[in-house]
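Peer 1: Take this structure, written in structure tokens, and hold onto it; I'll ask about it next.
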Amino acid sequence: MLFLLASFDVIAIDYSVVYVRQPRLGDNEHTLWPEAFSPASVPPGSDLMLLKPDGSEEILVDAGYGAVTDPFVSFDGNWVYYSFFPDLVKDNINSQQNNLSRLGADIYKINIETREIIRLTHQEFTPNTGSGNWDTNNPANPGPEYNALGYGIFNLGPAPIAGGKIIFTSNRNGFKPANAYTTLNLQLFVMDEDGKNVELVSPMTLGSALHPTPLTDGRVVFSTYESQGLRDLRLWGLWAIHPDGQNWEPIVSAFGHASVFHFMTQISDGKFIFEDYYNRNNFGFGTLYALPDMSAPSYPQFFSASAVQAPPILQTVKGKLRPYRLPFSPKGIYAVTPTTSSSDSAAVDGQGKYTHPSAAPDNDLLVVWSDGPVNRLKRPWPFPSVDSGIYLIEKSNIVKDAKELIKVRNDPAYNEVWPRAVVPYEAIHGIKEPKQLAWLPNDGKINSNLAKGSPYGLVGASSFYNRESSPGATRHAAKLPFDGLDEFNTRGKSKSSNWVLQGADAGKYSNDDIWAVRIIAMEPYSDKNYGPGGSNHRSEFYINHARERLRILGEIPLRKISPDGAELLDYTGDPDTSFLAKIPADVPFTFQALDRNGSVLNMSQTWHQVRPGEVRTNCGGCHAHSQIPVDFENTAAANKEYKVWDLTQNTPLISHSNSGEPKIVYAQSPAVDVEFYKDIRPILQNSCVSCHKGSDEEAPGRLSLDNTELPSNSLIPNDYARLCADKEANWGYPPVLYAGKNKKPGWNQTNASRYIRMFQSRRSLLTWKLLGKRVDGWSNTDHPTETVLGDPSTIPAGANTGLVDIDYTGSIMPPPNSNVAPLDDAQKLAFIRWIDLGCPIDTAKNTDKDGFGWFLDETRPTLTLTSPKSSKQQGPLTRIIIGFDDYYSGIDLKSFSVTANFDVDDKAANTQLSQFFINTSPGVYEYVLKTPITMLPEAMLDVSIKDKQGNINKIVRTFTVSPIKN
């Protein structure tokens, strides 16, 4: 119910609203706004407010010179969860670290009636202890003998989920975001409502995660920094995940230009409302979209990769209504606020921009809205500054004019943000709380390849033929559909979407070329800004083309032979390309589809994970979002006779027979590295520099590789730079396209140099020379090439310069009759893998950071505690089951520690119990109680394990034991 209160000049509603009141600095000065780029930039003095139905209001939390953000109402409507930043005075802000507070932020809850405040997090800091010397009590500014982040721990975005738990984000692991367009690596954690039993549920989040939001069906949607691989650095999508971390899936992927999908809510009729904005410059304001009832999605859920086939999403840009089309657009998506946009320009006068949508009773929608440009750039003018208030959209209807908004609260002295209706969850959604999804049992019953308590998981796919891995956008220069060639080079920002926005295909190929899948482990890196071996400028002491530390877990052949000797087909009539592999749980990973040479055909530029005991086989194809998935249960990999590939003990790798046919060999380690100093330079020195030496002008192909010096003020040596870090075309034959303001030649698109295409060995001239043929699916005659290398005047007359590529000429390298032995198969594959892993180089080598570069183990051991499992266990405690594994440096078994604050058989409380555990299966250790425990009113079990790098993982499980209720 709505009614007017003239004395306050607001529309009152028949329920209270909590919101955050941020200081406003007038019309001519901008203030801080927390959004995707800077989620911890909160203006001091941001108070938590309670707006009552009569229009009066009270301060619930007076922030002083601190700040409140991210409020969320409990399911019973009695409490408000929020994050609080303590004293934000200048002395507590580190200007060297993106103006982050040294005091961080913690999660609290306040009882609305009694005003009781309970603190739930306490600046817990859990860094990778093998990556440096950390003081876990002080992440910001410990003594000089310690490493430091230089800022505090930020526990943000708390939201209740079913079963008395809270999901939130935190940077407590101390990692740095994979790329630079956000300031914190925030991961998803779940804890009990009293703050105990904290568990990381998204180890795959190597970018960042923001604002987990529960759905009625029990899933949680969150905004995720989609910066993996070579993708645009500004992309944020929306994913859903089960509260225990299993079954993650895309809701809306960020395939548009600089898209940030963020700030979301589910309204009464089940629709899902979310925001689209351009980061930084719009202060987190943009336009709102809606998706159909999330509890009953249609399948397939998405349109195709071709944006032109997607329905238009209406936006108003510079006063004109324009359709916006998104590759893999979710079915049913539409604009709630079509009179504004997410663009990096001023809003239409009178229409403004929106943020912070929040569900309200009667299918209404609370929003934050500001008139004015809502943009910090002169497009055409950035002022007046944001003056946001709280408004209501009745029935969540499409807003055809901002005049339809109903004002709830807007005081020009403040920015009112984060509105939340203070009502029980049932008043909005008709149920007391979301559905409680079953926690992953890890009981050994899902698949015989996973024992009870296993630290491993299974991952598989049903088909690599069923794919949409190519970009749906047209080629810029020729305006043609993608056919395997994104422009070999481009001018300025005129890039193909391939590898950058949507799609990751390496040249022209057909499904017949698909032969294997490579599974790659992906590691985080600690944000070691200060202290021994630290650097205030960069935390990773290695380089690859995506700033990602990648290791090969295995290369698995996909082709299968039926008993009659023919190729085995699946039920669709295509060759069966299914697979199933056992991998370490809680280790981020991704996939690359390979050809018979072992080169990448396409790559999944997305982080993946499996939790301990999880079986993930619902991938029905490669990015086949708009297609009906191939049913895994009807493939060869689901057959009981199929031998699951075990990637936890050794690493299968592609090799070739003397006749050139691919085969599999095994490396006797659970992961394989390929790195420049270790694997590539020795081959260059032994087989290449006898010819490729001297001046660049005199060396064959103008490629000189004998200079291995490390120039001053450089992280990379000369031979590496010439081979794969020459985008400015400083050496060798230059490209024929000139780019930039100075119109200098440069290697744009995904070219690292003339010789190497990033992550695409089959499109790299170096690979062609090593294999003695062009292998990207094209011939030299398919596209124009200059007749004199590097001379644009010799491009054939009338040719489209945007389609000029590089030809394969000459002979295989090393040349025949050169007195240099031909490279063997393993050496060629070393180059191929190296390119497809982004050309890694360990820049810590021979420095004071040696040992902390590419080969540093930055993935802590997988650790799982299966029994006791829950915080409230009914029935006797009969056994303690623990699983652990470390995929890279290995487990330091002597570090295994188990203590309990209660007696276990004849062992007194706090006795070290690890020596009494029995190894029952790979990675699983068990203690069977001689005397089962039938009653424990309050118990705690402390389990920890360390890997050989020195990284510790720990579980502190608090629980009770009570008899089974009849």
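Scheme for the structure tokens: letters A, B, ... for chains in order shown; per-chain residue numbers from 1; ligand numbers from 1 in order shown.
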For region 363-379 of chain A, find every residue with an atom within 7 Å (counting only C-alpha atoms), except residues of its own chain fewer than 2 positions away, and show them as a ChimeraX atom specification.
Peer 2: /A:267-269,281-282,345-347,349-361,381-396,417,419
Peer 1: Which residue is closest to Asn449 (chain A)? Choose from A:Lys582, A:Arg757, A:Lys828, A:Arg860 and count only C-alpha atoms.
Peer 2: A:Lys582
Peer 1: Report as number ranges by chain all protein, DNA and RNA residues lying within 6 Å of region 931-943 of chain A, evaluated on only C-alpha atoms, omitting residues in the same chain fewer than 3 positions from it.
Peer 2: A: 876-878, 897-901, 905, 954-962
Peer 1: For those residues, write N, CA, C and O atoms to a file as a PDB file, in the first residue's frame.
Peer 2:
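Written out: again35.pdb:
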```pdb
ATOM      1  N   PRO A 876      24.925 -41.297  16.328  1.00  0.00           N
ATOM      2  CA  PRO A 876      26.260 -41.373  16.943  1.00  0.00           C
ATOM      3  C   PRO A 876      27.376 -41.019  15.965  1.00  0.00           C
ATOM      4  O   PRO A 876      27.274 -41.257  14.753  1.00  0.00           O
ATOM      5  N   LEU A 877      28.431 -40.436  16.510  1.00  0.00           N
ATOM      6  CA  LEU A 877      29.657 -40.207  15.756  1.00  0.00           C
ATOM      7  C   LEU A 877      30.489 -41.478  15.839  1.00  0.00           C
ATOM      8  O   LEU A 877      30.983 -41.834  16.916  1.00  0.00           O
ATOM      9  N   THR A 878      30.620 -42.178  14.721  1.00  0.00           N
ATOM     10  CA  THR A 878      31.296 -43.473  14.709  1.00  0.00           C
ATOM     11  C   THR A 878      32.676 -43.423  14.063  1.00  0.00           C
ATOM     12  O   THR A 878      33.490 -44.303  14.302  1.00  0.00           O
ATOM     13  N   SER A 897      47.614 -32.971  10.956  1.00  0.00           N
ATOM     14  CA  SER A 897      47.271 -32.710  12.358  1.00  0.00           C
ATOM     15  C   SER A 897      45.765 -32.809  12.553  1.00  0.00           C
ATOM     16  O   SER A 897      44.992 -32.255  11.762  1.00  0.00           O
ATOM     17  N   VAL A 898      45.369 -33.527  13.623  1.00  0.00           N
ATOM     18  CA  VAL A 898      43.961 -33.628  14.003  1.00  0.00           C
ATOM     19  C   VAL A 898      43.871 -33.540  15.512  1.00  0.00           C
ATOM     20  O   VAL A 898      44.491 -34.338  16.221  1.00  0.00           O
ATOM     21  N   THR A 899      43.127 -32.559  16.003  1.00  0.00           N
ATOM     22  CA  THR A 899      42.866 -32.480  17.440  1.00  0.00           C
ATOM     23  C   THR A 899      41.383 -32.240  17.665  1.00  0.00           C
ATOM     24  O   THR A 899      40.694 -31.672  16.814  1.00  0.00           O
ATOM     25  N   ALA A 900      40.911 -32.691  18.822  1.00  0.00           N
ATOM     26  CA  ALA A 900      39.505 -32.510  19.192  1.00  0.00           C
ATOM     27  C   ALA A 900      39.437 -31.937  20.597  1.00  0.00           C
ATOM     28  O   ALA A 900      40.305 -32.208  21.428  1.00  0.00           O
ATOM     29  N   ASN A 901      38.410 -31.145  20.868  1.00  0.00           N
ATOM     30  CA  ASN A 901      38.253 -30.612  22.220  1.00  0.00           C
ATOM     31  C   ASN A 901      37.400 -31.524  23.093  1.00  0.00           C
ATOM     32  O   ASN A 901      36.863 -31.095  24.111  1.00  0.00           O
ATOM     33  N   ASP A 905      37.707 -42.017  22.300  1.00  0.00           N
ATOM     34  CA  ASP A 905      38.095 -43.294  22.896  1.00  0.00           C
ATOM     35  C   ASP A 905      38.915 -43.014  24.166  1.00  0.00           C
ATOM     36  O   ASP A 905      38.467 -42.269  25.020  1.00  0.00           O
ATOM     37  N   LYS A 954      43.316 -25.682   6.376  1.00  0.00           N
ATOM     38  CA  LYS A 954      42.827 -25.995   7.714  1.00  0.00           C
ATOM     39  C   LYS A 954      41.313 -25.973   7.741  1.00  0.00           C
ATOM     40  O   LYS A 954      40.676 -25.157   7.079  1.00  0.00           O
ATOM     41  N   ILE A 955      40.726 -26.886   8.506  1.00  0.00           N
ATOM     42  CA  ILE A 955      39.290 -26.901   8.776  1.00  0.00           C
ATOM     43  C   ILE A 955      39.086 -26.902  10.282  1.00  0.00           C
ATOM     44  O   ILE A 955      39.675 -27.725  10.989  1.00  0.00           O
ATOM     45  N   VAL A 956      38.278 -25.960  10.761  1.00  0.00           N
ATOM     46  CA  VAL A 956      37.842 -25.980  12.154  1.00  0.00           C
ATOM     47  C   VAL A 956      36.350 -26.249  12.127  1.00  0.00           C
ATOM     48  O   VAL A 956      35.561 -25.390  11.748  1.00  0.00           O
ATOM     49  N   ARG A 957      35.978 -27.461  12.497  1.00  0.00           N
ATOM     50  CA  ARG A 957      34.578 -27.889  12.413  1.00  0.00           C
ATOM     51  C   ARG A 957      33.976 -27.876  13.810  1.00  0.00           C
ATOM     52  O   ARG A 957      34.428 -28.594  14.698  1.00  0.00           O
ATOM     53  N   THR A 958      32.982 -27.024  14.011  1.00  0.00           N
ATOM     54  CA  THR A 958      32.212 -27.061  15.253  1.00  0.00           C
ATOM     55  C   THR A 958      30.903 -27.788  14.981  1.00  0.00           C
ATOM     56  O   THR A 958      30.295 -27.614  13.920  1.00  0.00           O
ATOM     57  N   PHE A 959      30.481 -28.608  15.943  1.00  0.00           N
ATOM     58  CA  PHE A 959      29.301 -29.429  15.695  1.00  0.00           C
ATOM     59  C   PHE A 959      28.747 -29.929  17.027  1.00  0.00           C
ATOM     60  O   PHE A 959      29.386 -29.821  18.081  1.00  0.00           O
ATOM     61  N   THR A 960      27.561 -30.479  16.946  1.00  0.00           N
ATOM     62  CA  THR A 960      26.955 -31.153  18.098  1.00  0.00           C
ATOM     63  C   THR A 960      26.546 -32.545  17.658  1.00  0.00           C
ATOM     64  O   THR A 960      26.317 -32.810  16.469  1.00  0.00           O
ATOM     65  N   VAL A 961      26.476 -33.455  18.612  1.00  0.00           N
ATOM     66  CA  VAL A 961      25.989 -34.812  18.360  1.00  0.00           C
ATOM     67  C   VAL A 961      24.801 -35.044  19.280  1.00  0.00           C
ATOM     68  O   VAL A 961      24.879 -34.805  20.494  1.00  0.00           O
ATOM     69  N   SER A 962      23.709 -35.505  18.701  1.00  0.00           N
ATOM     70  CA  SER A 962      22.511 -35.789  19.498  1.00  0.00           C
ATOM     71  C   SER A 962      21.841 -37.041  18.958  1.00  0.00           C
ATOM     72  O   SER A 962      22.077 -37.443  17.817  1.00  0.00           O
TER      73      SER A 962
END
```
Peer 1: Restrict the calculation to only C-alpha atoms, then for each residue of region 12-32 of chain A with any atom at most 9 Å from an atom of region 406-413 of chain A give the closest atom pair and their distance in Å to one decimal, rows by chain and rising residue number, as a tab-separated table.
Peer 2:
```
residue	atom	partner	partner_atom	distance
A:Ala12	CA	A:Val408	CA	6.2
A:Ile13	CA	A:Val408	CA	7.9
A:Pro23	CA	A:Ala413	CA	6.9
A:Arg24	CA	A:Ala413	CA	5.6
A:Leu25	CA	A:Ala413	CA	7.6
A:Gly26	CA	A:Ala413	CA	7.2
```
Peer 1: What is the CA of Val672 (chain A) to CA of Tyr456 (chain A) distance in Å?
Peer 2: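 Going from CA of Val672 (chain A) over to CA of Tyr456 (chain A) covers 18.4 Å.
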Peer 1: Among region 680-844 of chain A, which residues carry a DSSP assignment of strand (DSSP E), reported as a ChimeraX atom specification?
Peer 2: /A:738-739,744-745
Peer 1: Given the selection you just returned, output its residues as a file containing C-alpha atoms, formatted as a compact mmCIF listing (two decimals), in the first residue's frame.
Peer 2:
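Final output, saved to selection-v7.txt:
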```txt
# COMPACT_ATOMS: atom_id res chain seq x y z
CA TYR A 738 50.03 0.65 -39.14
CA ALA A 739 48.22 1.41 -35.92
CA LYS A 744 53.63 2.80 -36.43
CA PRO A 745 53.54 -0.86 -37.42
```
Peer 1: List as a list in words the protein and nucleic acid residues near Val736 (chain A), meaning an atom at most 7 Å away when only C-alpha atoms are counted, but skip any in the same chain fewer than 3 places from it.
Peer 2: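 In the requested format, the answer is Pro745, Gly790, Asp791 and Pro792 of chain A.
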Peer 1: Would you mind exporting the chosen residues as a compact mmCIF listing (two decimals), in the first residue's frame, restricted to C-alpha atoms?
Peer 2:
```txt
# COMPACT_ATOMS: atom_id res chain seq x y z
CA PRO A 745 53.54 -0.86 -37.42
CA GLY A 790 56.89 -5.79 -44.30
CA ASP A 791 56.27 -3.48 -47.28
CA PRO A 792 52.61 -2.42 -47.45
```
Peer 1: What's around region 639-648 of chain A at 9 Å? Count only C-alpha atoms, leave out sequence neighbours fewer than 2 positions away in its own chain, and write the answer as an NGL selection string.
Peer 2: :A and (449 or 456 or 458 or 553-554 or 556 or 579-584 or 633-637 or 650-652 or 669-671 or 885 or 887)
Peer 1: Based on the selection just made, write N, CA, C and O atoms of those residues as a compact mmCIF listing (two decimals), in the first residue's frame.
Peer 2:
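Contents of the output file part-v4.txt:
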```txt
# COMPACT_ATOMS: atom_id res chain seq x y z
N ASN A 449 34.46 -44.56 -8.63
CA ASN A 449 35.82 -44.03 -8.74
C ASN A 449 36.14 -43.01 -7.65
O ASN A 449 37.28 -42.55 -7.57
N TYR A 456 39.02 -35.84 -4.38
CA TYR A 456 38.99 -35.72 -5.83
C TYR A 456 37.55 -35.55 -6.32
O TYR A 456 36.59 -35.68 -5.57
N LEU A 458 35.12 -35.90 -10.30
CA LEU A 458 35.10 -36.36 -11.67
C LEU A 458 34.53 -35.26 -12.56
O LEU A 458 33.54 -34.61 -12.21
N LEU A 553 47.20 -30.92 -16.53
CA LEU A 553 46.78 -32.08 -15.75
C LEU A 553 46.69 -33.33 -16.63
O LEU A 553 46.85 -34.45 -16.13
N GLY A 554 46.42 -33.14 -17.92
CA GLY A 554 46.35 -34.30 -18.79
C GLY A 554 45.83 -33.94 -20.17
O GLY A 554 45.14 -32.94 -20.36
N ILE A 556 43.71 -35.96 -23.07
CA ILE A 556 42.90 -37.17 -23.14
C ILE A 556 42.36 -37.36 -24.56
O ILE A 556 41.66 -36.47 -25.07
N PHE A 579 34.21 -38.00 -22.61
CA PHE A 579 35.32 -38.40 -21.74
C PHE A 579 34.89 -38.25 -20.29
O PHE A 579 33.92 -37.55 -19.97
N LEU A 580 35.63 -38.89 -19.40
CA LEU A 580 35.43 -38.76 -17.96
C LEU A 580 36.79 -38.88 -17.30
O LEU A 580 37.54 -39.82 -17.58
N ALA A 581 37.12 -37.92 -16.43
CA ALA A 581 38.44 -37.90 -15.80
C ALA A 581 38.32 -37.60 -14.31
O ALA A 581 37.45 -36.85 -13.88
N LYS A 582 39.22 -38.19 -13.56
CA LYS A 582 39.34 -37.94 -12.13
C LYS A 582 40.42 -36.88 -11.92
O LYS A 582 41.55 -37.04 -12.40
N ILE A 583 40.05 -35.81 -11.24
CA ILE A 583 40.98 -34.70 -11.06
C ILE A 583 40.97 -34.24 -9.60
O ILE A 583 40.05 -34.56 -8.86
N PRO A 584 41.99 -33.50 -9.18
CA PRO A 584 41.98 -32.97 -7.81
C PRO A 584 40.84 -31.97 -7.64
O PRO A 584 40.63 -31.09 -8.48
N GLU A 633 24.71 -39.65 -20.19
CA GLU A 633 24.40 -41.01 -19.77
C GLU A 633 24.30 -41.98 -20.93
O GLU A 633 24.35 -43.19 -20.73
N ASN A 634 24.16 -41.47 -22.14
CA ASN A 634 24.06 -42.33 -23.32
C ASN A 634 25.33 -42.30 -24.16
O ASN A 634 25.30 -42.56 -25.37
N THR A 635 26.46 -41.96 -23.54
CA THR A 635 27.74 -41.93 -24.24
C THR A 635 28.65 -43.03 -23.72
O THR A 635 28.39 -43.65 -22.67
N ALA A 636 29.74 -43.23 -24.43
CA ALA A 636 30.69 -44.28 -24.05
C ALA A 636 31.32 -44.00 -22.69
O ALA A 636 31.59 -44.93 -21.92
N ALA A 637 31.55 -42.72 -22.37
CA ALA A 637 32.21 -42.38 -21.11
C ALA A 637 31.35 -42.71 -19.90
O ALA A 637 31.87 -42.82 -18.78
N ASN A 650 49.37 -39.40 -12.44
CA ASN A 650 50.30 -39.11 -13.53
C ASN A 650 49.58 -38.32 -14.62
O ASN A 650 48.38 -38.07 -14.51
N THR A 651 50.31 -37.94 -15.65
CA THR A 651 49.78 -37.03 -16.66
C THR A 651 49.87 -37.65 -18.04
O THR A 651 50.97 -37.80 -18.58
N PRO A 652 48.73 -38.04 -18.64
CA PRO A 652 48.76 -38.52 -20.02
C PRO A 652 49.01 -37.36 -20.98
O PRO A 652 48.45 -36.28 -20.82
N SER A 669 54.05 -37.68 -13.10
CA SER A 669 53.79 -36.60 -12.15
C SER A 669 52.35 -36.17 -12.39
O SER A 669 51.81 -36.32 -13.48
N PRO A 670 51.69 -35.63 -11.36
CA PRO A 670 50.29 -35.25 -11.51
C PRO A 670 50.07 -33.96 -12.29
O PRO A 670 48.93 -33.58 -12.53
N ALA A 671 51.13 -33.26 -12.69
CA ALA A 671 51.00 -32.04 -13.50
C ALA A 671 52.29 -31.82 -14.26
O ALA A 671 53.37 -32.21 -13.81
N ASP A 885 44.86 -33.93 -0.55
CA ASP A 885 45.74 -34.17 -1.71
C ASP A 885 46.36 -32.84 -2.10
O ASP A 885 45.78 -31.78 -1.87
N TYR A 887 48.08 -31.43 -5.68
CA TYR A 887 48.32 -31.89 -7.06
C TYR A 887 49.70 -31.52 -7.57
O TYR A 887 50.16 -32.10 -8.57
```
Peer 1: Write out as a PyMOL selection string each polymer residue whose atoms come within 10 Å of Phe759 (chain A), counting only C-alpha atoms; drop sequence neighbours fewer than 6 positions from it.
Peer 2: chain A and resi 229-230+499+504+506+544-546+592+599-603+750-752+832-839
Peer 1: Work out how far CA of Tyr755 (chain A) is from CA of Ala729 (chain A), in Å to one decimal.
Peer 2: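 Distance reported for this atom pair: 11.0 Å.
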Peer 1: Calculate how many Å separate CA of Asn155 (chain A) from CA of Ser170 (chain A), rounding to one decimal.
Peer 2: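 Computing the Euclidean distance for CA of Asn155 (chain A) and CA of Ser170 (chain A) yields 4.5 Å.
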Peer 1: If you run DSSP on the backbone, which residues of region 507-723 of chain A are alpha helix (DSSP H), as a PyMOL selection string?
Peer 2: chain A and resi 681-687+718-723
Peer 1: Tell me which of A:Phe189, A:Tyr146, A:Phe632, A:Trp778 sits closest to Lys508 (chain A), counting only C-alpha atoms.
Peer 2: A:Trp778
Peer 1: Could you list, as a VMD selection string, every residue within 12 Å of Leu893 (chain A), counting only C-alpha atoms and ignoring same-chain residues fewer than 6 positions away?
Peer 2: chain A and resid 861 884 to 886 914 to 915 917 919 923 925 944 to 948 950 952
